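entry25.tsv, holding TSV, C-alpha atoms:
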chain	number	residue	atom	x	y	z
Y	1	MET	CA	0.94	6.25	19.54
Y	2	SER	CA	2.34	8.94	17.28
Y	3	LEU	CA	2.55	7.88	13.66
Y	4	GLY	CA	4.63	9.30	10.87
Y	5	PRO	CA	3.26	10.18	7.47
Y	6	ILE	CA	0.75	7.53	6.40
Y	7	GLU	CA	-0.08	6.45	2.85
Y	8	LEU	CA	-2.87	4.36	1.42
Y	9	LEU	CA	-1.89	2.08	-1.44
Y	10	ILE	CA	-4.20	-0.01	-3.60
Y	11	VAL	CA	-2.69	-2.48	-6.04
Y	12	LYS	CA	-4.79	-4.41	-8.52
Y	13	PHE	CA	-4.06	-7.68	-10.26
Y	14	PRO	CA	-6.23	-8.17	-13.37
Y	15	GLY	CA	-7.20	-11.82	-13.74
Y	16	SER	CA	-5.84	-12.37	-10.21
Y	17	ARG	CA	-2.37	-13.04	-11.65
Y	18	PHE	CA	0.43	-12.78	-9.08
Y	19	THR	CA	4.14	-13.21	-9.69
Y	20	GLY	CA	5.30	-13.49	-6.09
Y	21	GLU	CA	7.63	-10.47	-6.30
Y	22	ILE	CA	5.70	-8.10	-4.05
Y	23	ALA	CA	6.08	-9.77	-0.66
Y	24	PRO	CA	9.92	-9.94	-0.79
Y	25	ALA	CA	10.13	-6.31	-1.97
Y	26	LEU	CA	7.77	-5.25	0.82
Y	27	LYS	CA	9.82	-7.24	3.32
Y	28	ASP	CA	12.97	-5.37	2.21
Y	29	LEU	CA	11.26	-2.00	2.77
Y	30	VAL	CA	10.11	-3.02	6.24
Y	31	GLU	CA	13.45	-4.56	7.29
Y	32	SER	CA	15.37	-1.49	6.10
Y	33	GLY	CA	13.15	0.77	8.21
Y	34	THR	CA	11.82	2.64	5.19
Y	35	ILE	CA	8.18	1.82	5.93
Y	36	ARG	CA	6.04	0.08	8.52
Y	37	VAL	CA	2.89	-1.72	7.42
Y	38	ILE	CA	0.01	-0.48	9.55
Y	39	ASP	CA	-2.75	-2.51	7.96
Y	40	ILE	CA	-3.28	-4.67	4.91
Y	41	LEU	CA	-6.33	-6.35	3.42
Y	42	PHE	CA	-6.63	-8.52	0.33
Y	43	VAL	CA	-9.65	-8.52	-1.94
Y	44	HIS	CA	-10.99	-10.69	-4.71
Y	45	LYS	CA	-13.69	-9.50	-7.09
Y	46	ASP	CA	-15.43	-12.36	-8.89
Y	47	GLU	CA	-16.98	-12.39	-12.36
Y	48	ASP	CA	-20.24	-10.97	-10.98
Y	49	GLY	CA	-18.53	-8.14	-9.10
Y	50	GLN	CA	-18.93	-9.66	-5.64
Y	51	VAL	CA	-16.04	-8.69	-3.38
Y	52	THR	CA	-14.46	-11.05	-0.86
Y	53	VAL	CA	-12.20	-9.43	1.73
Y	54	LEU	CA	-9.37	-11.41	3.31
Y	55	GLU	CA	-7.26	-10.46	6.28
Y	56	ILE	CA	-3.74	-11.82	6.52
Y	57	ASN	CA	-4.89	-14.67	8.78
Y	58	ASP	CA	-7.37	-15.73	6.06
Y	59	LEU	CA	-4.62	-16.32	3.47
Y	60	ASP	CA	-3.51	-19.80	2.52
Y	61	ASP	CA	-0.35	-21.03	4.26
Y	62	ASP	CA	1.95	-20.14	1.36
Y	63	ASN	CA	0.78	-16.53	1.06
Y	64	PHE	CA	0.52	-16.13	4.83
Y	65	SER	CA	4.17	-17.11	5.22
Y	66	ARG	CA	5.17	-14.50	2.62
Y	67	PHE	CA	3.31	-11.57	4.20
Y	68	ASP	CA	3.39	-12.44	7.91
Y	69	PRO	CA	6.99	-11.25	8.47
Y	70	VAL	CA	6.16	-7.72	7.24
Y	71	VAL	CA	3.04	-7.05	9.28
Y	72	GLU	CA	3.96	-7.24	12.95
Y	73	ASP	CA	1.49	-4.81	14.52
Y	74	LEU	CA	-1.63	-4.47	12.41
Y	75	THR	CA	-3.86	-1.70	13.71
Y	76	GLY	CA	-7.19	-2.70	12.21
Y	77	MET	CA	-7.61	0.81	10.79
Y	78	LEU	CA	-8.82	-0.69	7.51
Y	79	THR	CA	-12.17	-2.43	7.79
Y	80	PRO	CA	-13.82	-4.90	5.43
Y	81	ASP	CA	-16.30	-2.13	4.55
Y	82	ASP	CA	-13.37	0.13	3.64
Y	83	ALA	CA	-11.97	-2.62	1.44
Y	84	ARG	CA	-15.28	-3.12	-0.35
Y	85	GLN	CA	-15.59	0.60	-1.01
Y	86	LEU	CA	-11.95	1.03	-2.08
Y	87	SER	CA	-12.11	-1.98	-4.39
Y	88	SER	CA	-14.84	-0.41	-6.50
Y	89	GLY	CA	-12.16	0.48	-9.08
Y	90	LEU	CA	-11.15	-3.14	-9.53
Y	91	ASP	CA	-12.35	-4.96	-12.61
Y	92	ASN	CA	-14.45	-8.08	-12.22
Y	93	ASN	CA	-12.37	-11.26	-12.05
Y	94	SER	CA	-9.41	-9.55	-10.39
Y	95	ALA	CA	-7.70	-9.29	-7.06
Y	96	GLY	CA	-6.13	-6.51	-5.08
Y	97	ALA	CA	-4.29	-5.50	-1.95
Y	98	ILE	CA	-5.13	-2.47	0.13
Y	99	MET	CA	-2.40	-1.30	2.47
Y	100	LEU	CA	-1.83	1.51	4.93
Y	101	PHE	CA	1.82	2.12	5.60
Y	102	GLU	CA	3.85	4.56	7.64
Y	103	ASN	CA	6.74	6.31	5.95
Y	104	THR	CA	9.12	5.74	8.83
Y	105	TRP	CA	11.96	7.31	6.82
Y	106	ALA	CA	10.14	10.67	7.09
Y	107	ILE	CA	9.47	10.77	10.84
Y	108	ARG	CA	12.71	12.53	11.78
Y	109	PHE	CA	12.23	15.11	9.01
Y	110	ARG	CA	8.59	15.69	10.04
Y	111	ASP	CA	9.58	16.21	13.67
Y	112	ALA	CA	12.39	18.60	12.71
Y	113	MET	CA	10.03	20.56	10.49
Y	114	GLU	CA	7.44	20.86	13.27
Y	115	ASN	CA	10.10	21.82	15.86
Y	116	ALA	CA	11.22	24.60	13.49
Y	117	ASN	CA	7.60	25.83	13.31
Y	118	GLY	CA	7.39	24.72	9.68
Y	119	GLN	CA	4.01	23.90	8.20
Y	120	LEU	CA	3.46	21.39	5.44
Y	121	VAL	CA	1.83	23.12	2.48
Y	122	LEU	CA	1.65	20.28	-0.05
Y	123	ASP	CA	2.37	16.58	0.05
Y	124	GLU	CA	1.45	14.88	-3.20
Y	125	ARG	CA	2.71	11.76	-4.89
Y	126	ILE	CA	3.31	12.22	-8.62
Y	127	PRO	CA	1.99	9.18	-10.56
Y	128	ARG	CA	4.55	7.19	-12.50
Y	129	ALA	CA	2.73	7.79	-15.80
Y	130	VAL	CA	3.17	11.55	-15.33
Y	131	ILE	CA	6.89	11.15	-14.57
Y	132	ASP	CA	7.30	8.91	-17.63
Y	133	GLU	CA	5.66	11.59	-19.79
Y	134	LEU	CA	7.91	14.33	-18.37
Y	135	VAL	CA	11.05	12.25	-18.91
Y	136	ALA	CA	10.02	11.42	-22.49
Y	137	ALA	CA	9.28	15.08	-23.22
Y	138	SER	CA	12.63	16.24	-21.81
Y	139	GLU	CA	14.50	13.56	-23.80
Y	140	ALA	CA	12.69	14.62	-26.98
Y	141	ALA	CA	13.61	18.28	-26.46
As structure tokens - that is how I would like this structure written.
Amino acid sequence: MSLGPIELLIVKFPGSRFTGEIAPALKDLVESGTIRVIDILFVHKDEDGQVTVLEINDLDDDNFSRFDPVVEDLTGMLTPDDARQLSSGLDNNSAGAIMLFENTWAIRFRDAMENANGQLVLDERIPRAVIDELVAASEAA
């Protein structure tokens, strides 16, 4: 199986507070063909820092029904050990989601670039905080 560009995303929820907006937004991205979820794990870090890792099948019925439509072919590339290690940045008494996703929108461009003997030199996501600072600085100028 040839995969397109893959990204790792970790989202934290201090105090384990969810609003329910993420699953529908993720579903829109999957249904539009923008991304494909390759793997997803959910973590909870208790007050003592102990991490519990949940796979989609471990979720309660309500959360399972929200995420199940967007994860058709999970690969198992993320392991519980990966989740424990990656959740080290979570505060105690919080929750998180760790997701690998394929940027399906970029596959055609990647293939065209490779067919033209192009070589990727840099692929870096600019954090939102940096963009916000740049926008504020340009507006102030």
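CA of Thr79 in chain Y to CA of Glu55 in chain Y spans 9.5 Å [interatomic distance, one decimal].
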Checklist entry - In Å, with one decimal, what is the gap from CA of Ile98 in chain Y to CA of Leu78 in chain Y? => result 8.4 Å
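Nearest residue to Glu21 in chain Y among Y:Ser87, Y:Gln50, Y:Phe67, Y:Val43 is Y:Phe67, counting all atoms listed in the file.
For the choices Y:Ser65, Y:Ser88, Y:Asn103, Y:Asn93, the atom-to-atom distance to Gly15 in chain Y is smallest for Y:Asn93 when using all atoms listed in the file.
The point (12.2, -1.5, 4.8) has these residues within 12 Å of it, counting all atoms listed in the file: Y:Ala23, Y:Pro24, Y:Ala25, Y:Leu26, Y:Lys27, Y:Asp28, Y:Leu29, Y:Val30, Y:Glu31, Y:Ser32, Y:Gly33, Y:Thr34, Y:Ile35, Y:Arg36, Y:Val37, Y:Pro69, Y:Val70, Y:Val71, Y:Phe101, Y:Glu102, Y:Asn103, Y:Thr104, Y:Trp105.
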Selected residues written out, C-alpha atoms, as a tab-separated table (two decimals), in the frame of the given file:
chain	number	residue	atom	x	y	z
Y	23	ALA	CA	6.08	-9.77	-0.66
Y	24	PRO	CA	9.92	-9.94	-0.79
Y	25	ALA	CA	10.13	-6.31	-1.97
Y	26	LEU	CA	7.77	-5.25	0.82
Y	27	LYS	CA	9.82	-7.24	3.32
Y	28	ASP	CA	12.97	-5.37	2.21
Y	29	LEU	CA	11.26	-2.00	2.77
Y	30	VAL	CA	10.11	-3.02	6.24
Y	31	GLU	CA	13.45	-4.56	7.29
Y	32	SER	CA	15.37	-1.49	6.10
Y	33	GLY	CA	13.15	0.77	8.21
Y	34	THR	CA	11.82	2.64	5.19
Y	35	ILE	CA	8.18	1.82	5.93
Y	36	ARG	CA	6.04	0.08	8.52
Y	37	VAL	CA	2.89	-1.72	7.42
Y	69	PRO	CA	6.99	-11.25	8.47
Y	70	VAL	CA	6.16	-7.72	7.24
Y	71	VAL	CA	3.04	-7.05	9.28
Y	101	PHE	CA	1.82	2.12	5.60
Y	102	GLU	CA	3.85	4.56	7.64
Y	103	ASN	CA	6.74	6.31	5.95
Y	104	THR	CA	9.12	5.74	8.83
Y	105	TRP	CA	11.96	7.31	6.82
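When only C-alpha atoms are used to measure the gap to Gly96 in chain Y, the shortest distance among Y:Ile6, Y:Ala141, Y:Met77, Y:Leu54 belongs to Y:Leu54.
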Checklist outcome for this item: Residue with the minimum atom-to-atom distance to Leu9 in chain Y, picked from Y:Leu59, Y:Leu100, Y:Ala129, Y:Ala116 with only C-alpha atoms counted, is Y:Leu100
Per-axis box centre and lengths in Å around range 48-64 of chain Y, 4 Å margin per side, axis-aligned, as AutoDock Vina command-line options:
--center_x -9.1 --center_y -14.6 --center_z -1.1 --size_x 30.2 --size_y 20.9 --size_z 27.8
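CA of Ile10 in chain Y lies 18.7 Å from CA of Asp58 in chain Y.
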Item to check | Test item: which residues lie within 12 Å of (-13.9, -1.5, -3.6) counting all atoms listed in the file, as a PyMOL selection string | outcome: chain Y and resi 10-12+41-45+49-53+79-92+94-98
Next on the checklist: I'd like to know which of Y:Asp39, Y:Asp60, Y:Glu114, Y:Asp123 is closest to Thr75 in chain Y, using all atoms listed in the file.
Outcome noted: Y:Asp39
Could I get range 65-79 of chain Y rebuilt with N, CA and C atoms, written as a PDB file, in the frame of the given file?
ATOM      1  N   SER Y  65       2.753 -17.090   4.853  1.00  0.00           N
ATOM      2  CA  SER Y  65       4.170 -17.110   5.220  1.00  0.00           C
ATOM      3  C   SER Y  65       4.967 -16.027   4.502  1.00  0.00           C
ATOM      4  N   ARG Y  66       4.492 -15.582   3.347  1.00  0.00           N
ATOM      5  CA  ARG Y  66       5.170 -14.500   2.620  1.00  0.00           C
ATOM      6  C   ARG Y  66       4.922 -13.139   3.264  1.00  0.00           C
ATOM      7  N   PHE Y  67       3.677 -12.898   3.694  1.00  0.00           N
ATOM      8  CA  PHE Y  67       3.310 -11.570   4.200  1.00  0.00           C
ATOM      9  C   PHE Y  67       3.432 -11.426   5.708  1.00  0.00           C
ATOM     10  N   ASP Y  68       3.359 -12.519   6.446  1.00  0.00           N
ATOM     11  CA  ASP Y  68       3.390 -12.440   7.910  1.00  0.00           C
ATOM     12  C   ASP Y  68       4.627 -11.709   8.454  1.00  0.00           C
ATOM     13  N   PRO Y  69       5.816 -11.926   7.904  1.00  0.00           N
ATOM     14  CA  PRO Y  69       6.990 -11.250   8.470  1.00  0.00           C
ATOM     15  C   PRO Y  69       6.964  -9.713   8.333  1.00  0.00           C
ATOM     16  N   VAL Y  70       6.130  -9.173   7.465  1.00  0.00           N
ATOM     17  CA  VAL Y  70       6.160  -7.720   7.240  1.00  0.00           C
ATOM     18  C   VAL Y  70       5.037  -6.981   7.941  1.00  0.00           C
ATOM     19  N   VAL Y  71       4.179  -7.693   8.628  1.00  0.00           N
ATOM     20  CA  VAL Y  71       3.040  -7.050   9.280  1.00  0.00           C
ATOM     21  C   VAL Y  71       2.979  -7.444  10.756  1.00  0.00           C
ATOM     22  N   GLU Y  72       3.864  -6.870  11.533  1.00  0.00           N
ATOM     23  CA  GLU Y  72       3.960  -7.240  12.950  1.00  0.00           C
ATOM     24  C   GLU Y  72       2.822  -6.722  13.803  1.00  0.00           C
ATOM     25  N   ASP Y  73       2.474  -5.448  13.640  1.00  0.00           N
ATOM     26  CA  ASP Y  73       1.490  -4.810  14.520  1.00  0.00           C
ATOM     27  C   ASP Y  73       0.359  -4.191  13.722  1.00  0.00           C
ATOM     28  N   LEU Y  74      -0.522  -5.017  13.166  1.00  0.00           N
ATOM     29  CA  LEU Y  74      -1.630  -4.470  12.410  1.00  0.00           C
ATOM     30  C   LEU Y  74      -2.568  -3.707  13.332  1.00  0.00           C
ATOM     31  N   THR Y  75      -3.046  -2.567  12.871  1.00  0.00           N
ATOM     32  CA  THR Y  75      -3.860  -1.700  13.710  1.00  0.00           C
ATOM     33  C   THR Y  75      -5.353  -1.924  13.550  1.00  0.00           C
ATOM     34  N   GLY Y  76      -5.761  -2.532  12.458  1.00  0.00           N
ATOM     35  CA  GLY Y  76      -7.190  -2.700  12.210  1.00  0.00           C
ATOM     36  C   GLY Y  76      -7.849  -1.411  11.731  1.00  0.00           C
ATOM     37  N   MET Y  77      -7.042  -0.445  11.283  1.00  0.00           N
ATOM     38  CA  MET Y  77      -7.610   0.810  10.790  1.00  0.00           C
ATOM     39  C   MET Y  77      -8.433   0.601   9.528  1.00  0.00           C
ATOM     40  N   LEU Y  78      -8.042  -0.362   8.696  1.00  0.00           N
ATOM     41  CA  LEU Y  78      -8.820  -0.690   7.510  1.00  0.00           C
ATOM     42  C   LEU Y  78      -9.866  -1.731   7.877  1.00  0.00           C
ATOM     43  N   THR Y  79     -11.102  -1.478   7.504  1.00  0.00           N
ATOM     44  CA  THR Y  79     -12.170  -2.430   7.790  1.00  0.00           C
ATOM     45  C   THR Y  79     -12.588  -3.127   6.501  1.00  0.00           C
TER      46      THR Y  79
END
